[in-house]
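Student: This is the content of run26.csv (CSV, C-alpha atoms):
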chain,number,residue,atom,x,y,z
A,21,ASP,CA,154.7,-79.6,27.7
A,22,PRO,CA,154.4,-81.7,30.9
A,23,LYS,CA,158.1,-82.9,30.8
A,24,ALA,CA,159.3,-79.3,30.6
A,25,LYS,CA,157.1,-78.3,33.6
A,26,GLU,CA,158.4,-81.3,35.6
A,27,LYS,CA,162.0,-80.4,34.8
A,28,ASP,CA,161.3,-76.8,35.9
A,29,VAL,CA,159.8,-77.9,39.1
A,30,LYS,CA,162.7,-80.2,39.8
A,31,LYS,CA,165.2,-77.4,39.2
A,32,TRP,CA,163.1,-75.1,41.5
A,33,LYS,CA,163.2,-77.8,44.2
A,34,GLU,CA,166.9,-78.2,43.9
A,35,SER,CA,167.4,-74.4,44.1
A,36,ILE,CA,165.3,-74.2,47.2
A,37,THR,CA,167.2,-77.1,48.8
A,38,LEU,CA,170.5,-75.4,48.1
A,39,ASP,CA,169.2,-72.1,49.5
A,40,LEU,CA,168.0,-73.9,52.7
A,41,ASP,CA,171.4,-75.5,53.1
A,42,LYS,CA,173.1,-72.1,52.8
A,43,LEU,CA,170.7,-70.6,55.3
A,44,GLU,CA,171.3,-73.4,57.8
A,45,LYS,CA,175.1,-73.0,57.5
A,46,GLU,CA,174.7,-69.2,57.9
A,47,ARG,CA,172.4,-69.7,61.0
A,48,LYS,CA,175.0,-72.0,62.6
A,49,LYS,CA,177.7,-69.4,62.0
A,50,GLN,CA,175.5,-66.7,63.5
A,51,VAL,CA,174.7,-68.8,66.5
A,52,GLU,CA,178.4,-69.5,67.1
A,53,ASN,CA,179.3,-65.9,66.6
A,54,ASN,CA,176.6,-64.9,69.1
A,55,LYS,CA,178.0,-67.3,71.7
A,56,LYS,CA,181.4,-65.8,71.3
A,57,VAL,CA,180.1,-62.2,71.6
A,58,MET,CA,178.0,-63.0,74.6
A,59,THR,CA,180.9,-64.8,76.3
A,60,LYS,CA,183.2,-61.8,75.6
A,61,ILE,CA,180.6,-59.3,77.0
A,62,SER,CA,180.1,-61.5,80.1
A,63,ASP,CA,183.8,-61.9,80.7
A,64,ASP,CA,184.4,-58.1,80.3
A,65,LYS,CA,181.3,-56.9,82.3
A,66,ASP,CA,183.4,-55.9,85.3
A,67,SER,CA,185.5,-53.4,83.2
A,68,LEU,CA,182.6,-52.0,81.2
A,69,VAL,CA,181.8,-49.2,83.7
A,70,GLU,CA,184.2,-47.0,85.6
A,71,LYS,CA,183.9,-47.3,89.4
A,72,ASP,CA,185.1,-43.7,90.2
A,73,LYS,CA,182.2,-41.8,88.7
A,74,SER,CA,179.1,-40.7,90.6
A,75,TYR,CA,176.3,-43.2,90.8
A,76,LYS,CA,173.9,-41.0,88.8
A,77,ALA,CA,176.5,-39.7,86.4
A,78,ILE,CA,177.2,-43.1,84.9
A,79,PRO,CA,173.7,-43.9,83.6
A,80,CYS,CA,173.4,-40.3,82.3
A,81,PHE,CA,176.8,-40.5,80.5
A,82,PHE,CA,176.0,-43.9,79.1
A,83,LEU,CA,172.6,-42.7,77.7
A,84,GLN,CA,174.0,-39.5,76.3
A,85,THR,CA,177.1,-41.0,74.6
A,86,CYS,CA,176.0,-44.5,73.7
A,87,VAL,CA,172.2,-45.0,73.6
A,88,PHE,CA,170.5,-41.7,72.5
A,89,PRO,CA,172.8,-41.0,69.5
A,90,ARG,CA,172.4,-44.5,68.1
A,91,CYS,CA,168.8,-45.2,68.9
A,92,VAL,CA,167.6,-42.5,66.5
A,93,GLN,CA,169.6,-43.7,63.5
A,94,SER,CA,167.3,-46.5,62.3
A,95,PRO,CA,164.6,-48.8,63.6
A,96,GLU,CA,167.2,-51.6,63.8
A,97,ASP,CA,169.5,-49.4,65.9
A,98,ALA,CA,166.5,-48.5,68.2
A,99,VAL,CA,165.8,-52.2,68.8
A,100,PHE,CA,169.5,-52.9,69.3
A,101,CYS,CA,169.8,-50.1,71.9
A,102,ALA,CA,166.8,-51.3,73.9
A,103,ARG,CA,168.0,-54.9,73.9
A,104,PHE,CA,171.6,-53.8,74.8
A,105,VAL,CA,170.4,-51.9,77.8
A,106,HIS,CA,168.4,-55.0,78.8
A,107,LEU,CA,171.5,-57.2,78.2
A,108,LEU,CA,173.6,-55.0,80.5
A,109,HIS,CA,171.0,-55.6,83.2
A,110,LYS,CA,170.7,-59.3,82.5
A,111,ILE,CA,174.5,-59.9,82.9
A,112,LYS,CA,174.4,-57.8,86.1
A,113,THR,CA,176.9,-55.1,84.9
A,114,PRO,CA,178.6,-53.7,88.1
A,115,ASN,CA,178.3,-50.0,88.8
A,116,LEU,CA,175.4,-49.5,86.3
A,117,SER,CA,172.0,-48.9,87.8
A,118,THR,CA,169.3,-50.2,85.4
A,119,ILE,CA,166.6,-48.5,87.4
A,120,LEU,CA,168.3,-45.1,86.9
A,121,ILE,CA,168.8,-45.8,83.2
A,122,TYR,CA,165.1,-46.6,82.7
A,123,ASN,CA,164.1,-43.7,84.8
A,124,MET,CA,166.2,-41.3,82.8
A,125,ILE,CA,164.9,-42.8,79.5
A,126,ILE,CA,161.3,-42.2,80.6
A,127,THR,CA,161.9,-38.7,82.1
A,128,THR,CA,163.8,-37.4,79.1
A,129,PHE,CA,161.7,-38.8,76.2
A,130,GLY,CA,159.7,-35.5,75.9
A,131,PRO,CA,162.7,-33.3,75.1
A,132,MET,CA,164.3,-36.1,73.0
A,133,VAL,CA,161.2,-36.4,70.8
A,134,PHE,CA,160.7,-32.6,70.3
A,135,SER,CA,164.3,-31.9,69.5
A,136,ARG,CA,164.6,-34.5,66.7
A,137,THR,CA,163.6,-34.7,63.0
A,138,GLU,CA,160.4,-36.7,62.3
A,139,GLN,CA,162.4,-39.7,61.2
A,140,GLU,CA,164.6,-39.6,64.3
A,141,ALA,CA,161.5,-39.3,66.5
A,142,LYS,CA,160.0,-42.4,64.8
A,143,HIS,CA,163.2,-44.3,65.6
A,144,PHE,CA,163.2,-43.0,69.2
A,145,GLY,CA,159.6,-44.1,69.4
A,146,LYS,CA,160.6,-47.6,68.4
A,147,PHE,CA,163.3,-47.6,71.1
A,148,LEU,CA,160.7,-46.5,73.7
A,149,SER,CA,158.3,-49.1,72.5
A,150,GLU,CA,160.9,-51.9,72.9
A,151,THR,CA,161.9,-50.5,76.3
A,152,LEU,CA,158.4,-50.1,77.6
A,153,HIS,CA,157.5,-53.6,76.3
A,154,MET,CA,160.4,-55.0,78.3
A,155,LEU,CA,159.4,-53.1,81.4
A,156,ASN,CA,155.8,-54.2,81.1
A,157,ARG,CA,157.0,-57.8,81.0
A,158,TRP,CA,158.9,-57.2,84.2
A,159,ALA,CA,156.0,-55.6,85.8
A,160,SER,CA,153.7,-58.5,85.0
A,161,THR,CA,155.9,-61.1,86.6
A,162,GLU,CA,156.8,-61.5,90.3
Since I need it in another form, could you write the structure as C-alpha coordinates?
Tutor:
Amino acid sequence: DPKAKEKDVKKWKESITLDLDKLEKERKKQVENNKKVMTKISDDKDSLVEKDKSYKAIPCFFLQTCVFPRCVQSPEDAVFCARFVHLLHKIKTPNLSTILIYNMIITTFGPMVFSRTEQEAKHFGKFLSETLHMLNRWASTE
(Lines of atoms letter the chains of each structure in order from A and count residues from 1; the text may use other names and numbers.)
(Lines give C-alpha, C1' and ligand atoms only; values in the text may rest on other atoms or scores of the structure.)
Protein backbone atom coordinates (compact mmCIF):
# COMPACT_ATOMS: atom_id res chain seq x y z
CA ASP A 1 0.00 0.00 0.00
CA PRO A 2 1.66 3.28 -1.13
CA LYS A 3 -0.02 5.39 1.57
CA ALA A 4 1.23 3.07 4.33
CA LYS A 5 4.78 3.25 2.92
CA GLU A 6 4.57 7.03 2.71
CA LYS A 7 3.37 7.16 6.31
CA ASP A 8 6.24 4.89 7.42
CA VAL A 9 8.77 7.05 5.60
CA LYS A 10 7.33 10.16 7.21
CA LYS A 11 7.57 8.57 10.70
CA TRP A 12 11.12 7.48 9.96
CA LYS A 13 12.10 11.02 8.87
CA GLU A 14 10.53 12.49 12.01
CA SER A 15 12.40 9.97 14.15
CA ILE A 16 15.69 10.82 12.43
CA THR A 17 15.05 14.54 12.87
CA LEU A 18 14.38 14.05 16.60
CA ASP A 19 17.56 11.98 16.93
CA LEU A 20 19.57 14.66 15.15
CA ASP A 21 18.18 17.33 17.46
CA LYS A 22 19.09 15.23 20.52
CA LEU A 23 22.59 14.64 19.17
CA GLU A 24 23.10 18.34 18.50
CA LYS A 25 22.00 19.22 22.05
CA GLU A 26 24.35 16.57 23.44
CA ARG A 27 27.22 17.86 21.28
CA LYS A 28 26.69 21.39 22.59
CA LYS A 29 26.70 20.12 26.18
CA GLN A 30 29.91 18.16 25.51
CA VAL A 31 31.62 21.17 23.92
CA GLU A 32 30.67 23.33 26.90
CA ASN A 33 31.87 20.69 29.36
CA ASN A 34 35.14 20.34 27.43
CA LYS A 35 35.71 24.10 27.67
CA LYS A 36 35.15 24.01 31.44
CA VAL A 37 37.53 21.09 31.92
CA MET A 38 40.23 22.65 29.73
CA THR A 39 39.91 25.95 31.61
CA LYS A 40 40.20 24.13 34.95
CA ILE A 41 43.28 22.19 33.83
CA SER A 42 44.92 25.33 32.45
CA ASP A 43 44.14 27.28 35.62
CA ASP A 44 45.54 24.49 37.83
CA LYS A 45 48.61 23.62 35.74
CA ASP A 46 51.01 25.34 38.15
CA SER A 47 49.93 23.07 40.99
CA LEU A 48 49.79 19.79 39.05
CA VAL A 49 53.42 18.85 39.64
CA GLU A 50 55.42 19.19 42.85
CA LYS A 51 58.48 21.41 42.60
CA ASP A 52 60.53 19.68 45.31
CA LYS A 53 61.09 16.34 43.57
CA SER A 54 64.07 15.50 41.39
CA TYR A 55 63.84 16.50 37.73
CA LYS A 56 63.93 12.86 36.55
CA ALA A 57 61.81 11.46 39.38
CA ILE A 58 58.73 13.44 38.40
CA PRO A 59 58.23 11.94 34.91
CA CYS A 60 59.02 8.45 36.22
CA PHE A 61 56.53 8.79 39.08
CA PHE A 62 53.90 10.26 36.74
CA LEU A 63 54.26 7.39 34.27
CA GLN A 64 54.31 4.68 36.95
CA THR A 65 51.31 5.94 38.89
CA CYS A 66 49.15 7.67 36.29
CA VAL A 67 49.86 6.59 32.74
CA PHE A 68 51.08 2.98 32.70
CA PRO A 69 48.35 1.55 34.99
CA ARG A 70 45.58 3.20 32.97
CA CYS A 71 46.85 2.87 29.41
CA VAL A 72 46.61 -0.94 29.56
CA GLN A 73 42.97 -1.03 30.69
CA SER A 74 41.25 -0.44 27.33
CA PRO A 75 41.90 1.03 23.88
CA GLU A 76 40.00 4.15 24.93
CA ASP A 77 42.16 4.54 28.05
CA ALA A 78 45.27 4.09 25.91
CA VAL A 79 44.23 6.93 23.61
CA PHE A 80 43.22 9.07 26.59
CA CYS A 81 46.64 8.61 28.23
CA ALA A 82 48.54 9.48 25.05
CA ARG A 83 46.45 12.59 24.54
CA PHE A 84 46.67 13.57 28.19
CA VAL A 85 50.48 13.48 28.10
CA HIS A 86 50.30 15.65 24.98
CA LEU A 87 47.87 18.02 26.72
CA LEU A 88 50.25 18.46 29.65
CA HIS A 89 52.92 19.45 27.13
CA LYS A 90 50.57 21.72 25.22
CA ILE A 91 49.58 23.72 28.32
CA LYS A 92 53.26 23.93 29.31
CA THR A 93 52.89 22.26 32.70
CA PRO A 94 55.71 23.56 34.90
CA ASN A 95 58.21 21.06 36.35
CA LEU A 96 57.21 18.32 33.92
CA SER A 97 59.68 17.47 31.17
CA THR A 98 57.86 16.14 28.12
CA ILE A 99 61.16 15.03 26.58
CA LEU A 100 61.92 12.87 29.63
CA ILE A 101 58.39 11.45 29.62
CA TYR A 102 58.57 10.43 25.97
CA ASN A 103 62.09 9.08 26.43
CA MET A 104 60.94 6.94 29.36
CA ILE A 105 57.94 5.68 27.39
CA ILE A 106 60.14 4.60 24.50
CA THR A 107 62.88 3.04 26.65
CA THR A 108 60.49 1.10 28.90
CA PHE A 109 58.09 -0.27 26.32
CA GLY A 110 59.96 -3.60 25.99
CA PRO A 111 59.58 -4.64 29.63
CA MET A 112 56.07 -3.17 29.69
CA VAL A 113 54.90 -5.34 26.80
CA PHE A 114 56.51 -8.58 27.99
CA SER A 115 55.19 -8.28 31.53
CA ARG A 116 51.54 -7.87 30.48
CA THR A 117 48.71 -10.09 29.35
CA GLU A 118 48.01 -10.25 25.64
CA GLN A 119 45.06 -7.87 26.00
CA GLU A 120 47.04 -5.37 28.09
CA ALA A 121 49.89 -5.53 25.58
CA LYS A 122 47.42 -4.68 22.78
CA HIS A 123 46.19 -1.67 24.74
CA PHE A 124 49.75 -0.59 25.47
CA GLY A 125 50.47 -0.95 21.74
CA LYS A 126 47.58 1.43 21.05
CA PHE A 127 49.07 3.88 23.55
CA LEU A 128 52.46 3.61 21.84
CA SER A 129 50.88 4.03 18.42
CA GLU A 130 49.11 7.23 19.48
CA THR A 131 52.25 8.51 21.18
CA LEU A 132 54.54 7.75 18.24
CA HIS A 133 52.03 9.22 15.79
CA MET A 134 52.15 12.47 17.78
CA LEU A 135 55.95 12.44 17.94
CA ASN A 136 56.10 11.78 14.20
CA ARG A 137 53.92 14.83 13.57
CA TRP A 138 56.29 16.92 15.69
CA ALA A 139 59.31 15.55 13.85
CA SER A 140 57.81 16.41 10.47
CA THR A 141 57.28 20.09 11.37
CA GLU A 142 59.79 22.79 12.10
Student: Counting only C-alpha atoms, select every polymer residue within 10 Å of (163.6, -45.2, 70.1) as defined in the file's coordinates, and provide the selection as a PyMOL selection string.
Tutor: chain A and resi 87-88+90-102+125+129+132-133+140-151
Student: Write out as a PyMOL selection string each polymer residue whose atoms come within 9 Å of range 57-67 of chain A, counting only C-alpha atoms; drop sequence neighbours fewer than 3 positions from it.
Tutor: chain A and resi 52-54+70-71+108+111-115
Student: Considering all atoms listed in the file, state which residue in the set A:Lys48, A:Ser74, A:Thr128, A:His106 is at the smallest distance from Trp158 in chain A.
Tutor: A:His106
Student: Suppose you want the space between CA of Lys110 in chain A and CA of Cys86 in chain A; what is it in Å?
Tutor: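 Separation of CA of Lys110 in chain A and CA of Cys86 in chain A: 18.0 Å.
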Student: Between CA of Lys76 in chain A and CA of Ile121 in chain A, measure the distance and give it in Å to one decimal.
Tutor: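 Computing it gives 9.0 Å between the two atoms.
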Student: I'd like the interatomic distance between CA of Gln139 in chain A and CA of Ile119 in chain A, to a tenth of an Å.
Tutor: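 Interatomic distance here is 28.0 Å.
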Student: Leaving out Thr118 in chain A and any residue of its chain fewer than 2 positions from it, which residues lie within 8 Å of it when counting all atoms listed in the file, given as a VMD selection string?
Tutor: chain A and resid 79 105 109 116 120 to 122
Student: Can I get N, CA and C atoms for range 23-37 of chain A, as a tab-separated table (two decimals), in the first residue's frame?
Tutor:
chain	number	residue	atom	x	y	z
A	23	LYS	N	0.23	4.44	0.48
A	23	LYS	CA	-0.02	5.39	1.57
A	23	LYS	C	0.64	4.92	2.87
A	24	ALA	N	0.61	3.62	3.12
A	24	ALA	CA	1.23	3.07	4.33
A	24	ALA	C	2.74	3.27	4.27
A	25	LYS	N	3.33	3.05	3.09
A	25	LYS	CA	4.78	3.25	2.92
A	25	LYS	C	5.14	4.72	3.12
A	26	GLU	N	4.33	5.59	2.57
A	26	GLU	CA	4.57	7.03	2.71
A	26	GLU	C	4.50	7.43	4.18
A	27	LYS	N	3.53	6.86	4.90
A	27	LYS	CA	3.37	7.16	6.31
A	27	LYS	C	4.58	6.65	7.11
A	28	ASP	N	5.06	5.45	6.76
A	28	ASP	CA	6.24	4.89	7.42
A	28	ASP	C	7.48	5.74	7.17
A	29	VAL	N	7.64	6.20	5.95
A	29	VAL	CA	8.77	7.05	5.60
A	29	VAL	C	8.70	8.36	6.38
A	30	LYS	N	7.51	8.91	6.48
A	30	LYS	CA	7.33	10.16	7.21
A	30	LYS	C	7.68	9.97	8.69
A	31	LYS	N	7.24	8.87	9.30
A	31	LYS	CA	7.57	8.57	10.70
A	31	LYS	C	9.08	8.39	10.86
A	32	TRP	N	9.68	7.72	9.91
A	32	TRP	CA	11.12	7.48	9.96
A	32	TRP	C	11.88	8.82	9.88
A	33	LYS	N	11.46	9.71	9.00
A	33	LYS	CA	12.10	11.02	8.87
A	33	LYS	C	11.95	11.82	10.15
A	34	GLU	N	10.76	11.78	10.75
A	34	GLU	CA	10.53	12.49	12.01
A	34	GLU	C	11.43	11.94	13.11
A	35	SER	N	11.55	10.62	13.15
A	35	SER	CA	12.40	9.97	14.15
A	35	SER	C	13.86	10.38	13.96
A	36	ILE	N	14.31	10.41	12.73
A	36	ILE	CA	15.69	10.82	12.43
A	36	ILE	C	15.90	12.28	12.83
A	37	THR	N	14.95	13.12	12.53
A	37	THR	CA	15.05	14.54	12.87
A	37	THR	C	15.14	14.73	14.39
